[in-house]
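Colleague: Structure in structure tokens, see below.
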Amino acid sequence: MRIVTFLHRNQPTVGLIKGDAVVPIPGMSIFDLISAGTRSLTELSKQKHANVLLKNVNLLAPIHAPRRNIMCLGKNYADHAKEMSQDGQGKPPEFPMFFSKATTTINAPYGDIPFDANVSTNIDWEAELVVIIGKRGKNISQADAMNYVFGYTVINDVTARDMQKNHGQFFKGKSLDGCCPMGPWIVTADEIPDPHNLYVRCRVNGVTKQDGHTKDLIYKIPAILESLSRGMTLEPGDVIATGTPSGVGAGRTPPEWLKPGDVVECEVEGIGTIKNKVANSG
């Protein structure tokens, strides 16, 4: 099933997609719905609410106000690790490389990406498969990890590369407002038989820049959840981005950066495509 958050009567509202329509689920937050589990979704979809045509709704990020920072994997594709190294021979990380993006980065699946030349002009794209946690867990084993996955969505991990370099860490360069478009919906885990068998693509102005595949993830989802949950509790609704494949702007010769007017599409096979225009905000 596909789950959206959209503006309904001027309020963020959770909805379930049914054909070409959205079934609103008023009175429940996205976190309530996730905590209730996938078994509840069929019954919720039968509720007697006036459906809204999907083409007519204003979609927000499915988790438009996350409770915690977005948790991310760095250099989780070997070719991306290489392109981001100075010598082009970058070794994959010995352990999963975790960083986070601030909650204020969250943007709608079709919202504008803010661009302020006074902040950064080295704005880069990163298409990623995202895991949404479905239940509370700590010290999760790899064997049990997939039972903690509620579903999947797509993000563009928009990055200010100069800030990333200047500050010597990832958080600041990854955390500019509006620099995490997400969506267009959450697809529940039962509809994705193998999340490690999906194409991940990014297009800028219609030109393919990234054309990767989740089979090439260095650390697969069970390993990610085992490592991340060691001594640290994961909560329903946590957002975990699994990393980006090669083809980012910083890895090109010469580097390529996003500029106002550019249109970026990030797609994960079987889940969906987000499409965002870069727009002046300064």
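By order in the structure tokens, chains are A, B, ...; within a chain, residues start at 1; ligands start at 1, following the order shown.
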Neighbouring residues of A:Met146 were defined as those with any atom within 10 Å, considering only C-alpha atoms; residues of the same chain fewer than 2 positions away were excluded. Please report them as a PyMOL selection string.
Modeller: chain A and resi 133-134+140-144+148-151+189+221-222+225
Colleague: Dump as JSON lines the rows for residues of stretch 96-159 of chain A within 9 Å of stretch 252-268 of chain A: closest atom pair and distance in Å with one decimal, only C-alpha atoms counted, ordered by chain and rising residue number.
Modeller:
{"residue": "A:Ile113", "atom": "CA", "partner": "A:Pro260", "partner_atom": "CA", "distance": 8.9}
{"residue": "A:Pro114", "atom": "CA", "partner": "A:Pro260", "partner_atom": "CA", "distance": 8.6}
{"residue": "A:Phe115", "atom": "CA", "partner": "A:Pro260", "partner_atom": "CA", "distance": 6.7}
{"residue": "A:Thr121", "atom": "CA", "partner": "A:Trp257", "partner_atom": "CA", "distance": 7.2}
{"residue": "A:Asn122", "atom": "CA", "partner": "A:Trp257", "partner_atom": "CA", "distance": 5.4}
{"residue": "A:Ile123", "atom": "CA", "partner": "A:Trp257", "partner_atom": "CA", "distance": 5.3}
{"residue": "A:Asp124", "atom": "CA", "partner": "A:Trp257", "partner_atom": "CA", "distance": 5.5}
{"residue": "A:Trp125", "atom": "CA", "partner": "A:Leu258", "partner_atom": "CA", "distance": 7.7}
{"residue": "A:Glu126", "atom": "CA", "partner": "A:Cys266", "partner_atom": "CA", "distance": 8.0}
{"residue": "A:Ala127", "atom": "CA", "partner": "A:Cys266", "partner_atom": "CA", "distance": 5.2}
{"residue": "A:Glu128", "atom": "CA", "partner": "A:Val268", "partner_atom": "CA", "distance": 7.4}
{"residue": "A:Leu129", "atom": "CA", "partner": "A:Val268", "partner_atom": "CA", "distance": 6.4}
{"residue": "A:Thr153", "atom": "CA", "partner": "A:Val268", "partner_atom": "CA", "distance": 8.1}
{"residue": "A:Val154", "atom": "CA", "partner": "A:Val268", "partner_atom": "CA", "distance": 6.5}
{"residue": "A:Ile155", "atom": "CA", "partner": "A:Cys266", "partner_atom": "CA", "distance": 7.2}
{"residue": "A:Asn156", "atom": "CA", "partner": "A:Cys266", "partner_atom": "CA", "distance": 6.4}
Colleague: Export, as a PDB file, in the first residue's frame, the selected residues with N, CA and C atoms.
Modeller:
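To be explicit, this is the file written out as selection30.pdb:
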ATOM      1  N   ILE A 113      13.664  23.415  -4.260  1.00  0.00           N
ATOM      2  CA  ILE A 113      14.885  23.337  -3.459  1.00  0.00           C
ATOM      3  C   ILE A 113      15.432  24.750  -3.318  1.00  0.00           C
ATOM      4  N   PRO A 114      15.554  25.284  -2.106  1.00  0.00           N
ATOM      5  CA  PRO A 114      16.032  26.668  -1.938  1.00  0.00           C
ATOM      6  C   PRO A 114      17.494  26.804  -2.354  1.00  0.00           C
ATOM      7  N   PHE A 115      17.795  27.916  -3.019  1.00  0.00           N
ATOM      8  CA  PHE A 115      19.174  28.213  -3.436  1.00  0.00           C
ATOM      9  C   PHE A 115      19.496  29.640  -3.017  1.00  0.00           C
ATOM     10  N   THR A 121      27.148  27.843  -3.342  1.00  0.00           N
ATOM     11  CA  THR A 121      26.894  27.659  -4.776  1.00  0.00           C
ATOM     12  C   THR A 121      27.352  26.279  -5.233  1.00  0.00           C
ATOM     13  N   ASN A 122      27.734  25.438  -4.286  1.00  0.00           N
ATOM     14  CA  ASN A 122      28.185  24.070  -4.603  1.00  0.00           C
ATOM     15  C   ASN A 122      27.121  23.062  -4.174  1.00  0.00           C
ATOM     16  N   ILE A 123      25.934  23.223  -4.727  1.00  0.00           N
ATOM     17  CA  ILE A 123      24.798  22.390  -4.332  1.00  0.00           C
ATOM     18  C   ILE A 123      24.730  21.155  -5.229  1.00  0.00           C
ATOM     19  N   ASP A 124      24.695  19.995  -4.593  1.00  0.00           N
ATOM     20  CA  ASP A 124      24.808  18.711  -5.288  1.00  0.00           C
ATOM     21  C   ASP A 124      23.563  17.864  -5.037  1.00  0.00           C
ATOM     22  N   TRP A 125      23.373  16.852  -5.878  1.00  0.00           N
ATOM     23  CA  TRP A 125      22.236  15.945  -5.806  1.00  0.00           C
ATOM     24  C   TRP A 125      22.689  14.571  -5.305  1.00  0.00           C
ATOM     25  N   GLU A 126      21.787  13.835  -4.669  1.00  0.00           N
ATOM     26  CA  GLU A 126      22.041  12.456  -4.250  1.00  0.00           C
ATOM     27  C   GLU A 126      20.710  11.719  -4.133  1.00  0.00           C
ATOM     28  N   ALA A 127      20.410  10.838  -5.086  1.00  0.00           N
ATOM     29  CA  ALA A 127      19.196  10.031  -5.029  1.00  0.00           C
ATOM     30  C   ALA A 127      19.410   8.844  -4.091  1.00  0.00           C
ATOM     31  N   GLU A 128      18.400   8.553  -3.247  1.00  0.00           N
ATOM     32  CA  GLU A 128      18.589   7.483  -2.264  1.00  0.00           C
ATOM     33  C   GLU A 128      17.288   6.736  -1.957  1.00  0.00           C
ATOM     34  N   LEU A 129      17.449   5.426  -1.733  1.00  0.00           N
ATOM     35  CA  LEU A 129      16.394   4.603  -1.147  1.00  0.00           C
ATOM     36  C   LEU A 129      16.372   4.851   0.357  1.00  0.00           C
ATOM     37  N   THR A 153      10.710   4.867   1.023  1.00  0.00           N
ATOM     38  CA  THR A 153      10.417   6.062   0.245  1.00  0.00           C
ATOM     39  C   THR A 153      11.697   6.517  -0.440  1.00  0.00           C
ATOM     40  N   VAL A 154      11.670   7.715  -1.024  1.00  0.00           N
ATOM     41  CA  VAL A 154      12.784   8.255  -1.803  1.00  0.00           C
ATOM     42  C   VAL A 154      13.162   9.612  -1.235  1.00  0.00           C
ATOM     43  N   ILE A 155      14.458   9.909  -1.169  1.00  0.00           N
ATOM     44  CA  ILE A 155      14.882  11.278  -0.882  1.00  0.00           C
ATOM     45  C   ILE A 155      15.940  11.722  -1.884  1.00  0.00           C
ATOM     46  N   ASN A 156      16.105  13.027  -1.948  1.00  0.00           N
ATOM     47  CA  ASN A 156      17.270  13.648  -2.582  1.00  0.00           C
ATOM     48  C   ASN A 156      18.078  14.263  -1.440  1.00  0.00           C
TER      49      ASN A 156
END
Colleague: At what distance in Å, to one decimal, does atom CA of A:Glu83 lie from atom CA of A:Ile240?
Modeller: 22.7 Å
Colleague: May I ask for the distance between atom CA of A:Gly90 and atom CA of A:Met71, given in Å to one decimal place?
Modeller: 22.6 Å
Colleague: I want to know what sits within 7 Å of A:Trp185, based on only C-alpha atoms, with residues of the same chain fewer than 4 positions away left out; could you give that as a PyMOL selection string?
Modeller: chain A and resi 2-4+62+153
Colleague: In Å, rounded to a single decimal, give me how far atom CA of A:Ser246 is from atom CA of A:Gln210.
Modeller: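 Separation between atom CA of A:Gln210 and atom CA of A:Ser246: 6.2 Å.
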Colleague: Using only C-alpha atoms, which protein or nucleic acid residues come within 12 Å of A:Glu43? Drop anything in the same chain fewer than 6 positions from it, and give the result as a CSV table (one decimal) with C-alpha atoms, in the first residue's frame.
Modeller:
chain,number,residue,atom,x,y,z
A,16,LEU,CA,-4.0,5.9,1.7
A,23,VAL,CA,-8.6,8.0,1.2
A,25,ILE,CA,-7.4,9.2,7.5
A,33,LEU,CA,-0.5,4.9,11.4
A,36,ALA,CA,-0.6,0.5,14.1
A,37,GLY,CA,1.2,-1.6,11.5
Colleague: Which residue out of A:Leu217, A:Ser100, A:Ile274, A:Val239 has the minimum interatomic distance to A:Asp112 when only C-alpha atoms are used?
Modeller: A:Ile274
Colleague: Can you list, as an NGL selection string, every residue of stretch 20-87 of chain A that DSSP puts in strand (DSSP E)?
Modeller: :A and (21-24 or 52-53 or 59-60 or 70-74)
Colleague: Selected residues, C-alpha atoms, written as a CSV table (one decimal), in the first residue's frame, please.
Modeller:
chain,number,residue,atom,x,y,z
A,21,ALA,CA,-7.7,8.6,-5.4
A,22,VAL,CA,-6.6,9.2,-1.8
A,23,VAL,CA,-8.6,8.0,1.2
A,24,PRO,CA,-8.1,10.6,4.0
A,52,VAL,CA,-9.9,13.0,-3.1
A,53,LEU,CA,-8.4,12.5,-6.6
A,59,LEU,CA,1.5,16.3,-1.4
A,60,LEU,CA,3.8,16.9,1.5
A,70,ILE,CA,17.1,11.9,9.2
A,71,MET,CA,19.7,9.2,9.7
A,72,CYS,CA,22.0,8.6,6.7
A,73,LEU,CA,24.7,6.4,5.3
A,74,GLY,CA,27.8,7.9,3.7
Colleague: Which one is closest to A:Arg67: A:Gly212, A:Gly237, A:Gly206, A:Gly111? Count only C-alpha atoms.
Modeller: A:Gly237
Colleague: Between A:Asn58, A:Gln11, A:Pro66, A:Met97, which one has atoms that come closest to A:Ala223, using only C-alpha atoms?
Modeller: A:Met97
Colleague: Can you pull out the residues contacting A:Lys165? Cut-off 12 Å, using only C-alpha atoms, and skip same-chain residues under 6 positions away; I want them as a CSV table (one decimal) with N, CA, C and O atoms, in the first residue's frame.
Modeller:
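Okay, selection.csv is ready:
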chain,number,residue,atom,x,y,z
A,84,MET,N,34.4,10.0,-4.7
A,84,MET,CA,34.5,11.1,-3.7
A,84,MET,C,35.9,11.1,-3.1
A,84,MET,O,36.1,12.0,-2.2
A,120,SER,N,25.7,29.0,-0.3
A,120,SER,CA,26.5,28.0,-1.0
A,120,SER,C,26.2,28.0,-2.5
A,120,SER,O,25.0,28.2,-2.8
A,122,ASN,N,27.7,25.4,-4.3
A,122,ASN,CA,28.2,24.1,-4.6
A,122,ASN,C,27.1,23.1,-4.2
A,122,ASN,O,27.4,22.2,-3.4
A,159,THR,N,23.1,18.4,-1.0
A,159,THR,CA,24.3,18.7,-0.2
A,159,THR,C,25.1,19.9,-0.7
A,159,THR,O,25.3,20.1,-1.9
A,171,PHE,N,27.3,17.0,8.8
A,171,PHE,CA,26.1,17.5,9.2
A,171,PHE,C,25.7,18.9,8.7
A,171,PHE,O,24.6,19.1,8.1
A,172,LYS,N,26.6,19.9,8.7
A,172,LYS,CA,26.2,21.2,8.3
A,172,LYS,C,25.9,21.3,6.8
A,172,LYS,O,24.9,21.9,6.4
A,173,GLY,N,26.8,20.7,6.0
A,173,GLY,CA,26.6,20.7,4.6
A,173,GLY,C,25.4,19.9,4.1
A,173,GLY,O,24.9,20.1,3.0
A,174,LYS,N,24.9,19.1,4.9
A,174,LYS,CA,23.7,18.2,4.6
A,174,LYS,C,22.4,18.8,5.2
A,174,LYS,O,21.3,18.3,4.9
A,250,ALA,N,29.8,16.4,-7.5
A,250,ALA,CA,31.1,16.6,-7.0
A,250,ALA,C,32.1,15.6,-7.6
A,250,ALA,O,33.3,15.8,-7.6
Colleague: Can you work out which one of A:Ile218, A:Arg136, A:Ala160, A:Gly282 has the shortest atom-to-atom distance to A:Leu234, counting only C-alpha atoms?
Modeller: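 Looking at the shortest contact to A:Leu234, the residue is A:Arg136.
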Colleague: Could you check the closest approach to A:Gln169 for each of A:Phe99, A:His64, A:Pro236, A:Asn69 and tell me which residue wins, using only C-alpha atoms?
Modeller: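 So, comparing all the options, the nearest one is A:Phe99.
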Colleague: Go through A:Gly243, A:Gly251, A:Gly183, A:Gly270 one by one, measure the shortest atom-to-atom distance of each to A:Tyr110 using only C-alpha atoms, and give the residue with the smallest value.
Modeller: A:Gly183
Colleague: Going by DSSP on the backbone, which bits of stretch 152-262 of chain A are alpha helix (DSSP H)? Write them as a list in words, please.
Modeller: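 Secondary structure check on stretch 152-262 of chain A, alpha helix (DSSP H): Arg161, Asp162, Met163, Gln164, Lys165, Asn166, Phe171, Lys172, Gly173, Lys174, Ile221, Pro222, Ala223, Ile224, Leu225, Glu226, Ser227 and Leu228 of chain A.
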Colleague: Just to be explicit: take each residue in the selection above, keep all heavy atoms, and write the result as a compact mmCIF listing (two decimals), in the first residue's frame.
Modeller:
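As written to disk, again-v5.txt reads:
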# COMPACT_ATOMS: atom_id res chain seq x y z
N ARG A 161 28.44 21.05 -0.93
CA ARG A 161 29.75 20.39 -0.87
C ARG A 161 30.84 21.27 -0.26
O ARG A 161 31.74 20.76 0.42
CB ARG A 161 30.17 19.94 -2.28
CG ARG A 161 29.29 18.89 -2.90
CD ARG A 161 29.33 17.58 -2.17
NE ARG A 161 28.54 16.57 -2.87
CZ ARG A 161 28.18 15.40 -2.36
NH1 ARG A 161 28.53 15.10 -1.12
NH2 ARG A 161 27.46 14.55 -3.06
N ASP A 162 30.77 22.57 -0.50
CA ASP A 162 31.79 23.43 0.09
C ASP A 162 31.68 23.44 1.61
O ASP A 162 32.69 23.38 2.33
CB ASP A 162 31.72 24.86 -0.48
CG ASP A 162 30.32 25.44 -0.49
OD1 ASP A 162 29.34 24.72 -0.16
OD2 ASP A 162 30.18 26.63 -0.85
N MET A 163 30.47 23.47 2.13
CA MET A 163 30.28 23.40 3.58
C MET A 163 30.73 22.05 4.13
O MET A 163 31.34 21.96 5.19
CB MET A 163 28.82 23.65 3.94
CG MET A 163 28.39 25.09 3.79
SD MET A 163 26.70 25.31 4.39
CE MET A 163 26.62 27.11 4.40
N GLN A 164 30.41 21.00 3.39
CA GLN A 164 30.82 19.67 3.82
C GLN A 164 32.35 19.60 3.95
O GLN A 164 32.88 19.06 4.92
CB GLN A 164 30.33 18.63 2.81
CG GLN A 164 30.62 17.20 3.19
CD GLN A 164 30.07 16.22 2.16
OE1 GLN A 164 29.53 16.60 1.13
NE2 GLN A 164 30.21 14.94 2.44
N LYS A 165 33.04 20.20 3.00
CA LYS A 165 34.51 20.20 3.02
C LYS A 165 35.05 21.15 4.09
O LYS A 165 35.93 20.78 4.88
CB LYS A 165 35.04 20.60 1.64
CG LYS A 165 36.55 20.70 1.57
CD LYS A 165 37.00 21.14 0.18
CE LYS A 165 38.51 21.29 0.11
NZ LYS A 165 38.95 21.75 -1.24
N ASN A 166 34.51 22.36 4.14
CA ASN A 166 35.06 23.37 5.04
C ASN A 166 34.91 23.01 6.51
O ASN A 166 35.79 23.33 7.33
CB ASN A 166 34.39 24.73 4.79
CG ASN A 166 34.72 25.30 3.43
OD1 ASN A 166 35.68 24.88 2.78
ND2 ASN A 166 33.94 26.27 2.98
N PHE A 171 27.34 17.04 8.76
CA PHE A 171 26.06 17.55 9.25
C PHE A 171 25.68 18.91 8.67
O PHE A 171 24.59 19.09 8.14
CB PHE A 171 26.08 17.62 10.78
CG PHE A 171 24.83 18.21 11.36
CD1 PHE A 171 23.63 17.52 11.33
CD2 PHE A 171 24.83 19.48 11.91
CE1 PHE A 171 22.47 18.07 11.85
CE2 PHE A 171 23.68 20.04 12.44
CZ PHE A 171 22.49 19.33 12.41
N LYS A 172 26.58 19.89 8.74
CA LYS A 172 26.23 21.24 8.30
C LYS A 172 25.93 21.29 6.81
O LYS A 172 24.92 21.86 6.37
CB LYS A 172 27.35 22.22 8.66
CG LYS A 172 27.12 23.65 8.18
CD LYS A 172 25.85 24.26 8.75
CE LYS A 172 25.63 25.67 8.24
NZ LYS A 172 24.35 26.24 8.71
N GLY A 173 26.79 20.69 6.00
CA GLY A 173 26.60 20.71 4.56
C GLY A 173 25.39 19.94 4.09
O GLY A 173 24.90 20.13 2.97
N LYS A 174 24.87 19.06 4.94
CA LYS A 174 23.71 18.25 4.61
C LYS A 174 22.42 18.82 5.17
O LYS A 174 21.34 18.27 4.91
CB LYS A 174 23.90 16.83 5.17
CG LYS A 174 25.08 16.06 4.62
CD LYS A 174 24.80 15.48 3.25
CE LYS A 174 25.90 14.53 2.80
NZ LYS A 174 25.55 13.86 1.52
N ILE A 221 20.46 -3.47 4.16
CA ILE A 221 19.56 -2.97 5.20
C ILE A 221 19.69 -3.73 6.52
O ILE A 221 19.78 -3.10 7.59
CB ILE A 221 18.11 -2.95 4.68
CG1 ILE A 221 17.99 -1.91 3.56
CG2 ILE A 221 17.12 -2.64 5.81
CD1 ILE A 221 16.71 -1.99 2.76
N PRO A 222 19.75 -5.07 6.54
CA PRO A 222 19.91 -5.74 7.83
C PRO A 222 21.19 -5.33 8.57
O PRO A 222 21.17 -5.14 9.79
CB PRO A 222 19.95 -7.23 7.45
CG PRO A 222 19.15 -7.29 6.19
CD PRO A 222 19.50 -6.04 5.45
N ALA A 223 22.28 -5.17 7.83
CA ALA A 223 23.54 -4.75 8.47
C ALA A 223 23.44 -3.32 8.98
O ALA A 223 23.97 -2.98 10.04
CB ALA A 223 24.70 -4.89 7.48
N ILE A 224 22.76 -2.46 8.22
CA ILE A 224 22.57 -1.07 8.64
C ILE A 224 21.80 -1.02 9.96
O ILE A 224 22.21 -0.34 10.92
CB ILE A 224 21.83 -0.27 7.56
CG1 ILE A 224 22.70 -0.09 6.31
CG2 ILE A 224 21.40 1.10 8.10
CD1 ILE A 224 21.95 0.47 5.12
N LEU A 225 20.68 -1.74 10.03
CA LEU A 225 19.84 -1.69 11.23
C LEU A 225 20.54 -2.33 12.42
O LEU A 225 20.41 -1.84 13.55
CB LEU A 225 18.50 -2.36 10.97
CG LEU A 225 17.63 -1.73 9.87
CD1 LEU A 225 16.22 -2.31 9.91
CD2 LEU A 225 17.58 -0.22 9.99
N GLU A 226 21.28 -3.40 12.20
CA GLU A 226 22.02 -4.01 13.29
C GLU A 226 23.04 -3.03 13.87
O GLU A 226 23.13 -2.86 15.09
CB GLU A 226 22.74 -5.28 12.82
CG GLU A 226 23.54 -5.96 13.92
CD GLU A 226 24.34 -7.14 13.40
OE1 GLU A 226 25.22 -6.94 12.55
OE2 GLU A 226 24.08 -8.27 13.87
N SER A 227 23.79 -2.39 13.00
CA SER A 227 24.83 -1.47 13.45
C SER A 227 24.24 -0.22 14.10
O SER A 227 24.69 0.21 15.17
CB SER A 227 25.73 -1.10 12.27
OG SER A 227 26.77 -0.25 12.68
N LEU A 228 23.23 0.36 13.47
CA LEU A 228 22.66 1.60 13.96
C LEU A 228 21.95 1.41 15.30
O LEU A 228 21.98 2.30 16.17
CB LEU A 228 21.69 2.18 12.93
CG LEU A 228 21.14 3.58 13.18
CD1 LEU A 228 22.26 4.61 13.32
CD2 LEU A 228 20.20 3.99 12.04
